>>> print(open('structure.cif').read())   # mmCIF, C-alpha atoms and all ligand atoms
data_input
loop_
_atom_site.label_atom_id
_atom_site.label_comp_id
_atom_site.auth_asym_id
_atom_site.auth_seq_id
_atom_site.Cartn_x
_atom_site.Cartn_y
_atom_site.Cartn_z
CA MET A 1 39.65 -9.13 0.75
CA THR A 2 35.89 -9.08 1.19
CA TYR A 3 33.29 -7.32 3.28
CA ASP A 4 33.08 -8.01 7.03
CA LEU A 5 29.73 -7.83 8.79
CA VAL A 6 29.30 -7.84 12.56
CA ILE A 7 25.95 -9.39 13.49
CA GLY A 8 24.03 -10.30 16.66
CA ASP A 9 22.22 -13.57 17.44
CA ARG A 10 20.54 -14.60 14.23
CA ALA A 11 17.32 -15.67 15.98
CA TYR A 12 16.82 -12.29 17.63
CA SER A 13 18.77 -9.53 15.88
CA SER A 14 16.34 -8.02 13.40
CA TRP A 15 18.75 -5.38 12.18
CA SER A 16 21.42 -8.01 11.60
CA LEU A 17 18.96 -9.96 9.47
CA ARG A 18 18.37 -6.86 7.33
CA GLY A 19 22.09 -6.19 6.99
CA TRP A 20 22.90 -9.76 6.00
CA LEU A 21 20.04 -9.94 3.48
CA LEU A 22 21.57 -6.91 1.75
CA PHE A 23 24.46 -9.24 0.89
CA ASP A 24 23.01 -12.73 0.58
CA ALA A 25 19.84 -11.86 -1.35
CA PHE A 26 21.88 -9.87 -3.88
CA GLY A 27 24.71 -12.34 -4.39
CA LEU A 28 27.37 -10.26 -2.59
CA PRO A 29 29.95 -12.27 -0.59
CA VAL A 30 30.46 -11.35 3.07
CA LYS A 31 32.29 -12.72 6.09
CA THR A 32 30.12 -12.57 9.21
CA HIS A 33 31.31 -12.13 12.79
CA ARG A 34 28.64 -13.07 15.33
CA ALA A 35 28.42 -11.54 18.80
CA GLN A 36 25.83 -12.62 21.38
CA LEU A 37 23.46 -9.78 22.29
CA ASP A 38 22.95 -8.88 25.95
CA THR A 39 26.53 -9.83 26.76
CA ASP A 40 29.67 -7.74 26.41
CA GLU A 41 30.62 -9.63 23.22
CA LEU A 42 29.22 -7.00 20.83
CA ALA A 43 30.88 -4.04 22.56
CA THR A 44 34.16 -5.94 22.65
CA MET A 45 33.98 -6.86 18.97
CA LEU A 46 33.02 -3.31 17.96
CA ARG A 47 36.18 -1.90 19.55
CA ASP A 48 37.73 -2.71 16.17
CA TYR A 49 34.92 -0.92 14.31
CA PHE A 50 34.88 2.63 15.74
CA PRO A 51 32.45 4.52 15.77
CA ALA A 52 29.96 1.63 15.52
CA LYS A 53 27.80 0.81 18.55
CA THR A 54 25.29 -1.66 17.14
CA ALA A 55 24.89 -4.67 14.84
CA PRO A 56 24.96 -4.86 11.93
CA THR A 57 28.19 -3.03 11.17
CA MET A 58 29.94 -3.48 7.86
CA ARG A 59 33.61 -3.01 7.06
CA THR A 60 34.36 -2.51 3.37
CA PRO A 61 37.27 -4.38 1.76
CA GLU A 62 39.42 -1.24 1.97
CA GLY A 63 38.56 -0.67 5.63
CA SER A 64 35.69 1.88 5.85
CA VAL A 65 33.41 1.19 8.80
CA VAL A 66 29.69 1.52 7.99
CA PRO A 67 27.20 1.05 10.84
CA GLU A 68 23.44 1.82 10.33
CA THR A 69 21.59 -0.53 8.02
CA ILE A 70 20.32 2.22 5.73
CA ALA A 71 23.90 3.40 5.17
CA ILE A 72 24.98 -0.18 4.44
CA ALA A 73 22.20 -0.44 1.83
CA GLU A 74 23.17 2.81 0.12
CA GLU A 75 26.89 2.06 0.16
CA LEU A 76 26.41 -1.44 -1.30
CA ALA A 77 24.00 -0.12 -3.94
CA THR A 78 26.54 2.48 -5.07
CA ARG A 79 29.42 0.01 -5.10
CA HIS A 80 27.45 -2.75 -6.85
CA PRO A 81 25.06 -1.01 -9.25
CA ASP A 82 24.26 -4.26 -11.08
CA ALA A 83 23.28 -6.18 -7.94
CA GLY A 84 19.77 -4.70 -7.93
CA LEU A 85 19.58 -3.46 -4.34
CA TRP A 86 17.38 -0.59 -5.52
CA PRO A 87 15.01 -0.96 -8.50
CA ALA A 88 16.35 0.44 -11.78
CA ASP A 89 13.07 2.20 -12.62
CA PRO A 90 13.21 5.72 -11.08
CA GLN A 91 9.67 5.68 -9.67
CA ALA A 92 10.07 2.22 -8.18
CA ARG A 93 13.47 3.23 -6.78
CA ALA A 94 12.06 6.34 -5.11
CA THR A 95 9.25 4.24 -3.62
CA ALA A 96 11.68 1.60 -2.35
CA ARG A 97 13.78 4.29 -0.67
CA VAL A 98 10.71 5.74 1.07
CA LEU A 99 9.79 2.29 2.38
CA ALA A 100 13.27 1.51 3.70
CA ALA A 101 13.60 4.93 5.33
CA GLU A 102 10.26 4.68 7.15
CA MET A 103 11.07 1.15 8.32
CA HIS A 104 14.46 2.33 9.52
CA ALA A 105 12.98 5.11 11.64
CA GLY A 106 9.56 3.84 12.69
CA PHE A 107 7.20 1.11 13.85
CA ILE A 108 8.39 1.41 17.44
CA GLY A 109 5.12 0.01 18.88
CA LEU A 110 5.43 -3.19 16.87
CA ARG A 111 9.18 -3.48 17.38
CA SER A 112 9.05 -3.13 21.14
CA TYR A 113 5.95 -5.30 21.85
CA CYS A 114 6.96 -8.03 19.40
CA PRO A 115 10.75 -8.48 19.44
CA MET A 116 11.98 -10.70 16.63
CA ASN A 117 12.24 -14.36 17.61
CA LEU A 118 12.68 -16.78 14.74
CA ARG A 119 12.62 -19.85 16.98
CA VAL A 120 8.93 -19.84 17.94
CA SER A 121 5.45 -19.04 16.74
CA TYR A 122 2.57 -18.14 19.06
CA THR A 123 -1.17 -18.49 18.52
CA ASP A 124 -1.92 -15.00 19.87
CA CYS A 125 -0.07 -12.20 21.64
CA GLU A 126 -2.98 -9.83 22.44
CA PRO A 127 -1.58 -7.01 20.31
CA THR A 128 -1.77 -3.50 21.78
CA GLU A 129 -3.34 -0.50 20.04
CA GLY A 130 0.16 0.64 19.11
CA VAL A 131 0.88 -2.68 17.41
CA VAL A 132 -2.44 -2.65 15.53
CA SER A 133 -1.84 0.90 14.36
CA ASP A 134 1.67 0.00 13.12
CA LEU A 135 0.23 -2.99 11.24
CA LYS A 136 -2.33 -0.71 9.58
CA ARG A 137 0.43 1.66 8.51
CA LEU A 138 2.43 -1.25 7.10
CA GLU A 139 -0.55 -2.49 5.10
CA ASP A 140 -1.17 1.01 3.75
CA LEU A 141 2.49 1.42 2.78
CA TRP A 142 2.73 -2.01 1.17
CA SER A 143 -0.46 -1.50 -0.89
CA TRP A 144 0.66 1.99 -1.91
CA ALA A 145 4.02 0.62 -3.05
CA ARG A 146 2.40 -2.12 -5.16
CA ARG A 147 0.01 0.38 -6.76
CA THR A 148 2.69 2.98 -7.42
CA THR A 149 5.23 0.58 -8.87
CA LYS A 150 2.64 -1.72 -10.52
CA SER A 151 4.57 -4.61 -9.03
CA SER A 152 3.55 -7.94 -10.52
CA THR A 153 5.87 -10.01 -8.27
CA HIS A 154 5.60 -11.14 -4.63
CA TRP A 155 7.66 -8.07 -3.74
CA LEU A 156 6.76 -4.43 -3.18
CA CYS A 157 8.59 -2.65 -6.01
CA GLY A 158 9.04 -5.31 -8.71
CA ALA A 159 12.01 -7.63 -8.16
CA TYR A 160 13.17 -8.25 -4.55
CA SER A 161 14.87 -5.03 -3.44
CA ALA A 162 16.48 -3.53 -0.35
CA ALA A 163 13.00 -2.34 0.68
CA ASP A 164 11.89 -5.95 0.97
CA ALA A 165 15.03 -6.82 2.94
CA PHE A 166 14.08 -4.05 5.38
CA PHE A 167 10.64 -5.60 5.93
CA ALA A 168 11.83 -9.21 6.37
CA PRO A 169 11.98 -8.93 10.20
CA VAL A 170 8.47 -7.42 10.26
CA ALA A 171 7.25 -10.37 8.20
CA SER A 172 8.88 -12.71 10.71
CA ARG A 173 7.15 -10.90 13.59
CA ILE A 174 3.76 -11.32 11.92
CA ALA A 175 4.58 -15.04 11.63
CA THR A 176 5.93 -15.38 15.16
CA TYR A 177 3.14 -13.49 16.93
CA ASN A 178 0.31 -14.48 14.52
CA LEU A 179 -0.53 -10.82 14.06
CA PRO A 180 -3.79 -9.94 12.30
CA VAL A 181 -3.18 -8.64 8.76
CA SER A 182 -5.06 -8.66 5.45
CA ALA A 183 -4.79 -11.52 2.93
CA GLU A 184 -2.61 -9.32 0.69
CA ALA A 185 -0.21 -8.55 3.54
CA MET A 186 -0.14 -12.21 4.58
CA ALA A 187 0.80 -13.23 1.04
CA TYR A 188 3.75 -10.82 1.30
CA VAL A 189 4.71 -12.32 4.68
CA ASN A 190 4.57 -15.83 3.20
CA ALA A 191 6.83 -14.75 0.33
CA HIS A 192 9.43 -13.70 2.92
CA LEU A 193 9.12 -16.95 4.88
CA ALA A 194 9.74 -18.90 1.65
CA HIS A 195 12.59 -16.69 0.36
CA SER A 196 15.77 -18.74 0.15
CA SER A 197 18.01 -16.18 1.91
CA PHE A 198 15.48 -15.76 4.70
CA ARG A 199 15.28 -19.56 5.10
CA ARG A 200 19.08 -19.78 5.30
CA TRP A 201 19.24 -17.08 7.97
CA ARG A 202 16.45 -18.69 9.98
CA ALA A 203 18.09 -22.13 9.69
CA MET A 204 21.27 -20.63 11.15
CA GLY A 205 19.21 -18.79 13.77
CA MET A 206 17.65 -22.05 14.95
CA VAL A 207 21.06 -23.44 15.94
CA ASP A 208 23.17 -20.34 16.54
CA GLY A 209 23.62 -19.79 20.30
CA PRO A 210 21.35 -20.37 23.28
CA ASP A 211 17.70 -19.30 23.71
CA GLN A 212 17.74 -15.83 25.26
CA ASN A 213 15.24 -15.45 28.11
CA CYS A 214 14.60 -11.76 27.48
CA TYR A 215 12.95 -12.62 24.14
CA ARG A 216 10.82 -15.39 25.61
CA ARG A 217 7.04 -14.87 25.89
CA ASP A 218 4.60 -17.28 27.55
CA TYR A 219 1.88 -17.19 24.88
CA PRO A 220 0.50 -20.52 23.61
CA ARG A 221 2.61 -21.86 20.75
CA ARG A 222 1.88 -23.20 17.28
CA ASP A 223 4.08 -24.60 14.49
CA TRP A 224 6.14 -22.19 12.40
CA PRO A 225 3.79 -21.07 9.58
CA GLY A 226 6.52 -21.03 6.89
CA PRO A 227 7.70 -23.94 4.73
CA VAL A 228 8.06 -27.22 6.62
CA HIS A 229 11.66 -28.43 6.56
CA LEU A 230 12.77 -31.91 5.53
CA PRO A 231 13.15 -34.30 8.50
CA ALA A 232 16.92 -34.38 9.04
CA ARG A 233 18.53 -35.42 12.34
CA THR A 234 22.04 -35.39 13.71
CA ILE A 235 23.91 -38.69 14.04
CA SER A 236 27.30 -39.66 15.42
CA GLY A 237 30.22 -40.96 13.40
CA THR A 238 31.57 -40.06 9.98
CA ASP A 239 30.37 -43.00 7.91
CA THR A 240 28.68 -40.81 5.28
CA GLU A 241 28.02 -40.82 1.52
CA ASN A 242 30.38 -37.88 1.03
CA ALA A 243 33.97 -37.85 2.30
CA THR A 244 34.28 -34.06 2.14
CA CYS A 245 32.07 -31.19 3.29
CA PRO A 246 29.73 -29.80 0.57
CA TYR A 247 30.54 -26.26 1.73
CA SER A 248 34.29 -26.25 2.40
CA GLY A 249 35.63 -29.39 0.71
CA LYS A 250 37.37 -30.31 4.02
CA PRO A 251 37.18 -33.84 5.52
CA VAL A 252 33.89 -34.82 7.18
CA THR A 253 33.75 -34.63 10.99
CA HIS A 254 29.98 -34.21 11.71
CA ALA A 255 27.01 -36.05 10.20
CA LEU A 256 23.26 -35.96 9.70
CA GLU A 257 20.67 -38.43 8.44
CA LEU A 258 17.96 -37.52 5.95
CA HIS A 259 15.50 -40.03 4.48
CA GLY A 260 17.77 -42.89 5.60
CA ARG A 261 20.87 -41.42 3.93
CA ARG A 262 23.91 -40.09 5.80
CA PHE A 263 25.71 -36.88 4.88
CA GLY A 264 28.78 -35.25 6.41
CA PHE A 265 30.15 -31.76 7.11
CA CYS A 266 33.39 -30.31 8.42
CA ASN A 267 31.97 -28.66 11.55
CA ALA A 268 28.97 -28.77 13.87
CA PHE A 269 27.49 -25.41 12.80
CA CYS A 270 27.35 -26.33 9.11
CA ARG A 271 25.82 -29.70 9.95
CA ASP A 272 23.27 -28.14 12.31
CA LYS A 273 22.23 -25.27 10.01
CA THR A 274 21.67 -27.85 7.26
CA MET A 275 19.67 -30.05 9.59
CA ALA A 276 17.45 -27.07 10.50
CA ASP A 277 16.33 -26.60 6.87
CA PRO A 278 18.14 -28.80 4.31
CA GLU A 279 16.36 -27.28 1.29
CA ALA A 280 17.68 -23.80 2.12
CA TRP A 281 21.22 -24.85 1.17
CA PRO A 282 21.85 -25.27 -2.59
CA LYS A 283 25.24 -26.97 -2.15
CA PHE A 284 23.74 -29.55 0.18
CA MET A 285 20.74 -30.12 -2.11
CA ALA A 286 23.12 -30.61 -5.05
CA LEU A 287 24.86 -33.32 -3.00
CA TYR A 288 21.48 -34.82 -1.97
CA HIS A 289 20.34 -35.02 -5.61
CA SER A 290 23.69 -36.23 -6.96
N1 LIG B 1 19.78 2.01 13.63
C1 LIG B 1 20.56 0.79 13.71
C2 LIG B 1 19.91 -0.14 14.71
C3 LIG B 1 20.77 -1.32 15.02
C4 LIG B 1 20.41 -1.99 16.33
O1 LIG B 1 19.71 -1.43 17.19
N2 LIG B 1 20.95 -3.21 16.50
C5 LIG B 1 20.74 -3.96 17.74
C6 LIG B 1 20.61 -5.43 17.42
S1 LIG B 1 19.14 -5.80 16.51
C7 LIG B 1 21.96 -3.86 18.62
O2 LIG B 1 23.07 -3.83 18.15
N3 LIG B 1 21.74 -3.86 19.94
C8 LIG B 1 22.80 -3.88 20.88
C9 LIG B 1 22.94 -2.61 21.62
O3 LIG B 1 22.19 -1.65 21.33
O4 LIG B 1 23.81 -2.56 22.50
C10 LIG B 1 20.68 0.18 12.31
O5 LIG B 1 19.99 0.62 11.41
O6 LIG B 1 21.49 -0.70 12.06
#
>>> encode(input="structure.cif", output="structure tokens")
Amino acid sequence: MTYDLVIGDRAYSSWSLRGWLLFDAFGLPVKTHRAQLDTDELATMLRDYFPAKTAPTMRTPEGSVVPETIAIAEELATRHPDAGLWPADPQARATARVLAAEMHAGFIGLRSYCPMNLRVSYTDCEPTEGVVSDLKRLEDLWSWARRTTKSSTHWLCGAYSAADAFFAPVASRIATYNLPVSAEAMAYVNAHLAHSSFRRWRAMGMVDGPDQNCYRRDYPRRDWPGPVHLPARTISGTDTENATCPYSGKPVTHALELHGRRFGFCNAFCRDKTMADPEAWPKFMALYHS
């Protein structure tokens, strides 16, 4: 038995990203169940998760239903005290909790004007006063956290913590909408874009379900400002270096080509998520370097 986590479209569901990072970035196994937002899929799936109404919703191995991302963070931190969801140092821990709580409840201007969309990046979105004021508050909070905790890492309270997981979707919005922030804040954004769990989620988001029109904006586009992925492409057939999937060990049914070499997987999603960012996947990279 493991944890179950109901999530929305990975490209668009900012709360689902937070919820999933609380597992993946801390080495906690989870089985995800994806429902497409703006359809009846989520409501249908959540019939088995009363009283949940939104994604993410966690079910613990013994069957407790935990919706609300902040509750998921607290419950996982209590159950897995060595995973490091909250900093061990009391002052850093208190700071991290303040950050996560304010993110959970606030930044409505930014969240509504700039919905998360991991599939695009725009040159400019003409941010409103509400967005600019939310960005200023974020910068103030992030600087305060670094000063208070004397963090010497990329992250706000020392090692990557649940507070950073809470800000990952904000970092993605700054990248997507090219929002104006200080050099210090941009360095924090870049740390998120390069974080291996974030890269894995985004790689899945690039290939997980259709583009949703309600998240589309007609601003001019630019390339994604995060790490550039290796140039993989899908190919037909199963004539690959490996006979079994690097993730499941099952026989190869889908293939990609990278740098003239052919690799196989046991389903289209695992092939496509690897194609979207090969370096995000340690098991694939181990195969690539073998
Ligand atoms: N306060 C909730 C917010 C979750 C939330 O609003 N999730 C969105 C997806 S990002 C959702 O499920 N929307 C579908 C709906 O509201 O019907 C949390 O912390 O988890």
>>> axis_aligned_box(input="structure.cif", around="ligand LIG 1 (chain B)", padding_each_side="5 Å", output="AutoDock Vina command-line options")
--center_x 21.5 --center_y -1.9 --center_z 17.0 --size_x 14.7 --size_y 17.8 --size_z 21.1
>>> residues_near_point(input="structure.cif", point="(21.4, -24.3, 11.0)", cutoff="10 Å", atoms="all atoms listed in the file", output="tab-separated table (two decimals) with C-alpha atoms, keeping the file's coordinate frame")
chain	number	residue	atom	x	y	z
A	199	ARG	CA	15.28	-19.56	5.10
A	200	ARG	CA	19.08	-19.78	5.30
A	201	TRP	CA	19.24	-17.08	7.97
A	202	ARG	CA	16.45	-18.69	9.98
A	203	ALA	CA	18.09	-22.13	9.69
A	204	MET	CA	21.27	-20.63	11.15
A	205	GLY	CA	19.21	-18.79	13.77
A	206	MET	CA	17.65	-22.05	14.95
A	207	VAL	CA	21.06	-23.44	15.94
A	208	ASP	CA	23.17	-20.34	16.54
A	268	ALA	CA	28.97	-28.77	13.87
A	269	PHE	CA	27.49	-25.41	12.80
A	270	CYS	CA	27.35	-26.33	9.11
A	271	ARG	CA	25.82	-29.70	9.95
A	272	ASP	CA	23.27	-28.14	12.31
A	273	LYS	CA	22.23	-25.27	10.01
A	274	THR	CA	21.67	-27.85	7.26
A	275	MET	CA	19.67	-30.05	9.59
A	276	ALA	CA	17.45	-27.07	10.50
A	277	ASP	CA	16.33	-26.60	6.87
A	278	PRO	CA	18.14	-28.80	4.31
A	280	ALA	CA	17.68	-23.80	2.12
A	281	TRP	CA	21.22	-24.85	1.17
>>> residues_near_ligand(input="structure.cif", ligand="ligand LIG 1 (chain B)", cutoff="10 Å", atoms="all atoms listed in the file", output="PyMOL selection string")
chain A and resi 6-10+12-19+35-43+46+52-58+66-73+101+103-105+115-116+166
>>> write_last_selection(input="structure.cif", atoms="C-alpha atoms", output="JSON list (two decimals), keeping the file's coordinate frame")
[["chain", "number", "residue", "atom", "x", "y", "z"],
["A", 6, "VAL", "CA", 29.30, -7.84, 12.56],
["A", 7, "ILE", "CA", 25.95, -9.39, 13.49],
["A", 8, "GLY", "CA", 24.03, -10.30, 16.66],
["A", 9, "ASP", "CA", 22.22, -13.57, 17.44],
["A", 10, "ARG", "CA", 20.54, -14.60, 14.23],
["A", 12, "TYR", "CA", 16.82, -12.29, 17.63],
["A", 13, "SER", "CA", 18.77, -9.53, 15.88],
["A", 14, "SER", "CA", 16.34, -8.02, 13.40],
["A", 15, "TRP", "CA", 18.75, -5.38, 12.18],
["A", 16, "SER", "CA", 21.42, -8.01, 11.60],
["A", 17, "LEU", "CA", 18.96, -9.96, 9.47],
["A", 18, "ARG", "CA", 18.37, -6.86, 7.33],
["A", 19, "GLY", "CA", 22.09, -6.19, 6.99],
["A", 35, "ALA", "CA", 28.42, -11.54, 18.80],
["A", 36, "GLN", "CA", 25.83, -12.62, 21.38],
["A", 37, "LEU", "CA", 23.46, -9.78, 22.29],
["A", 38, "ASP", "CA", 22.95, -8.88, 25.95],
["A", 39, "THR", "CA", 26.53, -9.83, 26.76],
["A", 40, "ASP", "CA", 29.67, -7.74, 26.41],
["A", 41, "GLU", "CA", 30.62, -9.63, 23.22],
["A", 42, "LEU", "CA", 29.22, -7.00, 20.83],
["A", 43, "ALA", "CA", 30.88, -4.04, 22.56],
["A", 46, "LEU", "CA", 33.02, -3.31, 17.96],
["A", 52, "ALA", "CA", 29.96, 1.63, 15.52],
["A", 53, "LYS", "CA", 27.80, 0.81, 18.55],
["A", 54, "THR", "CA", 25.29, -1.66, 17.14],
["A", 55, "ALA", "CA", 24.89, -4.67, 14.84],
["A", 56, "PRO", "CA", 24.96, -4.86, 11.93],
["A", 57, "THR", "CA", 28.19, -3.03, 11.17],
["A", 58, "MET", "CA", 29.94, -3.48, 7.86],
["A", 66, "VAL", "CA", 29.69, 1.52, 7.99],
["A", 67, "PRO", "CA", 27.20, 1.05, 10.84],
["A", 68, "GLU", "CA", 23.44, 1.82, 10.33],
["A", 69, "THR", "CA", 21.59, -0.53, 8.02],
["A", 70, "ILE", "CA", 20.32, 2.22, 5.73],
["A", 71, "ALA", "CA", 23.90, 3.40, 5.17],
["A", 72, "ILE", "CA", 24.98, -0.18, 4.44],
["A", 73, "ALA", "CA", 22.20, -0.44, 1.83],
["A", 101, "ALA", "CA", 13.60, 4.93, 5.33],
["A", 103, "MET", "CA", 11.07, 1.15, 8.32],
["A", 104, "HIS", "CA", 14.46, 2.33, 9.52],
["A", 105, "ALA", "CA", 12.98, 5.11, 11.64],
["A", 115, "PRO", "CA", 10.75, -8.48, 19.44],
["A", 116, "MET", "CA", 11.98, -10.70, 16.63],
["A", 166, "PHE", "CA", 14.08, -4.05, 5.38]]
>>> closest_residue(input="structure.cif", among="A:Val181, A:Ala255, A:Val120, A:Ala162", to="A:Asp223", atoms="all atoms listed in the file")
A:Val120
>>> residues_around(input="structure.cif", residues="A:Thr95", least_positions_apart="2", cutoff="12 Å", atoms="all atoms listed in the file", output="PyMOL selection string")
chain A and resi 86-93+97-102+141-151+156-158+161-164
>>> residues_around(input="structure.cif", residues="A:Leu110", least_positions_apart="2", cutoff="7 Å", atoms="only C-alpha atoms", output="VMD selection string")
chain A and resid 107 to 108 112 to 114 130 to 131 134
>>> closest_atom_pairs(input="structure.cif", of="stretch 31-119 of chain A", to="stretch 224-240 of chain A", cutoff="12 Å", atoms="all atoms listed in the file", output="CSV")
residue,atom,partner,partner_atom,distance
A:Asn117,CA,A:Trp224,CA,11.2
A:Leu118,CA,A:Trp224,CA,8.8
A:Arg119,CA,A:Trp224,CA,8.3
>>> write_last_selection(input="structure.cif", atoms="C-alpha atoms", output="CSV table (one decimal), in the coordinates of the input")
chain,number,residue,atom,x,y,z
A,117,ASN,CA,12.2,-14.4,17.6
A,118,LEU,CA,12.7,-16.8,14.7
A,119,ARG,CA,12.6,-19.8,17.0
>>> atom_distance(input="structure.cif", atom1="atom CA of A:Ala168", atom2="atom CA of A:Met1")
28.4 Å
>>> residues_around(input="structure.cif", residues="A:Val30", least_positions_apart="6", cutoff="8 Å", atoms="only C-alpha atoms", output="MDAnalysis selection string")
chainID A and resid 2:5 23:24
>>> write_last_selection(input="structure.cif", atoms="C-alpha atoms", output="mmCIF file, keeping the file's coordinate frame")
data_model
loop_
_atom_site.group_PDB
_atom_site.id
_atom_site.type_symbol
_atom_site.label_atom_id
_atom_site.label_comp_id
_atom_site.auth_asym_id
_atom_site.auth_seq_id
_atom_site.Cartn_x
_atom_site.Cartn_y
_atom_site.Cartn_z
ATOM 1 C CA THR A 2 35.890 -9.080 1.190
ATOM 2 C CA TYR A 3 33.290 -7.320 3.280
ATOM 3 C CA ASP A 4 33.080 -8.010 7.030
ATOM 4 C CA LEU A 5 29.730 -7.830 8.790
ATOM 5 C CA PHE A 23 24.460 -9.240 0.890
ATOM 6 C CA ASP A 24 23.010 -12.730 0.580
#
>>> closest_residue(input="structure.cif", among="A:Arg222, A:Arg59, A:Lys283, A:Arg217", to="A:Ala175", atoms="all atoms listed in the file")
A:Arg222
>>> atom_distance(input="structure.cif", atom1="atom CA of A:Ser196", atom2="atom CA of A:Phe284")
13.4 Å
>>> closest_residue(input="structure.cif", among="A:Gly27, A:Ala96, A:Val132, A:Gly109", to="A:His80", atoms="all atoms listed in the file")
A:Gly27
>>> build_atoms(input="structure.cif", residues="stretch 69-82 of chain A", atoms="N, CA and C atoms", output="PDB file, in the coordinates of the input")
ATOM      1  N   THR A  69      21.991   0.332   9.121  1.00  0.00           N
ATOM      2  CA  THR A  69      21.590  -0.530   8.020  1.00  0.00           C
ATOM      3  C   THR A  69      21.268   0.259   6.751  1.00  0.00           C
ATOM      4  N   ILE A  70      20.670   1.435   6.915  1.00  0.00           N
ATOM      5  CA  ILE A  70      20.320   2.220   5.730  1.00  0.00           C
ATOM      6  C   ILE A  70      21.596   2.689   5.010  1.00  0.00           C
ATOM      7  N   ALA A  71      22.622   2.995   5.776  1.00  0.00           N
ATOM      8  CA  ALA A  71      23.900   3.400   5.170  1.00  0.00           C
ATOM      9  C   ALA A  71      24.564   2.210   4.479  1.00  0.00           C
ATOM     10  N   ILE A  72      24.429   1.027   5.075  1.00  0.00           N
ATOM     11  CA  ILE A  72      24.980  -0.180   4.440  1.00  0.00           C
ATOM     12  C   ILE A  72      24.286  -0.400   3.095  1.00  0.00           C
ATOM     13  N   ALA A  73      22.957  -0.251   3.076  1.00  0.00           N
ATOM     14  CA  ALA A  73      22.200  -0.440   1.830  1.00  0.00           C
ATOM     15  C   ALA A  73      22.671   0.535   0.756  1.00  0.00           C
ATOM     16  N   GLU A  74      22.788   1.798   1.118  1.00  0.00           N
ATOM     17  CA  GLU A  74      23.170   2.810   0.120  1.00  0.00           C
ATOM     18  C   GLU A  74      24.593   2.579  -0.379  1.00  0.00           C
ATOM     19  N   GLU A  75      25.485   2.243   0.547  1.00  0.00           N
ATOM     20  CA  GLU A  75      26.890   2.060   0.160  1.00  0.00           C
ATOM     21  C   GLU A  75      27.023   0.840  -0.771  1.00  0.00           C
ATOM     22  N   LEU A  76      26.343  -0.251  -0.436  1.00  0.00           N
ATOM     23  CA  LEU A  76      26.410  -1.440  -1.300  1.00  0.00           C
ATOM     24  C   LEU A  76      25.784  -1.158  -2.666  1.00  0.00           C
ATOM     25  N   ALA A  77      24.676  -0.416  -2.665  1.00  0.00           N
ATOM     26  CA  ALA A  77      24.000  -0.120  -3.940  1.00  0.00           C
ATOM     27  C   ALA A  77      24.904   0.711  -4.846  1.00  0.00           C
ATOM     28  N   THR A  78      25.640   1.640  -4.273  1.00  0.00           N
ATOM     29  CA  THR A  78      26.540   2.480  -5.070  1.00  0.00           C
ATOM     30  C   THR A  78      27.732   1.665  -5.569  1.00  0.00           C
ATOM     31  N   ARG A  79      28.237   0.788  -4.711  1.00  0.00           N
ATOM     32  CA  ARG A  79      29.420   0.010  -5.100  1.00  0.00           C
ATOM     33  C   ARG A  79      29.080  -1.114  -6.074  1.00  0.00           C
ATOM     34  N   HIS A  80      27.838  -1.605  -6.016  1.00  0.00           N
ATOM     35  CA  HIS A  80      27.450  -2.750  -6.850  1.00  0.00           C
ATOM     36  C   HIS A  80      26.174  -2.402  -7.615  1.00  0.00           C
ATOM     37  N   PRO A  81      26.277  -1.502  -8.584  1.00  0.00           N
ATOM     38  CA  PRO A  81      25.060  -1.010  -9.250  1.00  0.00           C
ATOM     39  C   PRO A  81      24.295  -2.103 -10.002  1.00  0.00           C
ATOM     40  N   ASP A  82      24.968  -3.197 -10.352  1.00  0.00           N
ATOM     41  CA  ASP A  82      24.260  -4.260 -11.080  1.00  0.00           C
ATOM     42  C   ASP A  82      23.612  -5.296 -10.154  1.00  0.00           C
TER      43      ASP A  82
END
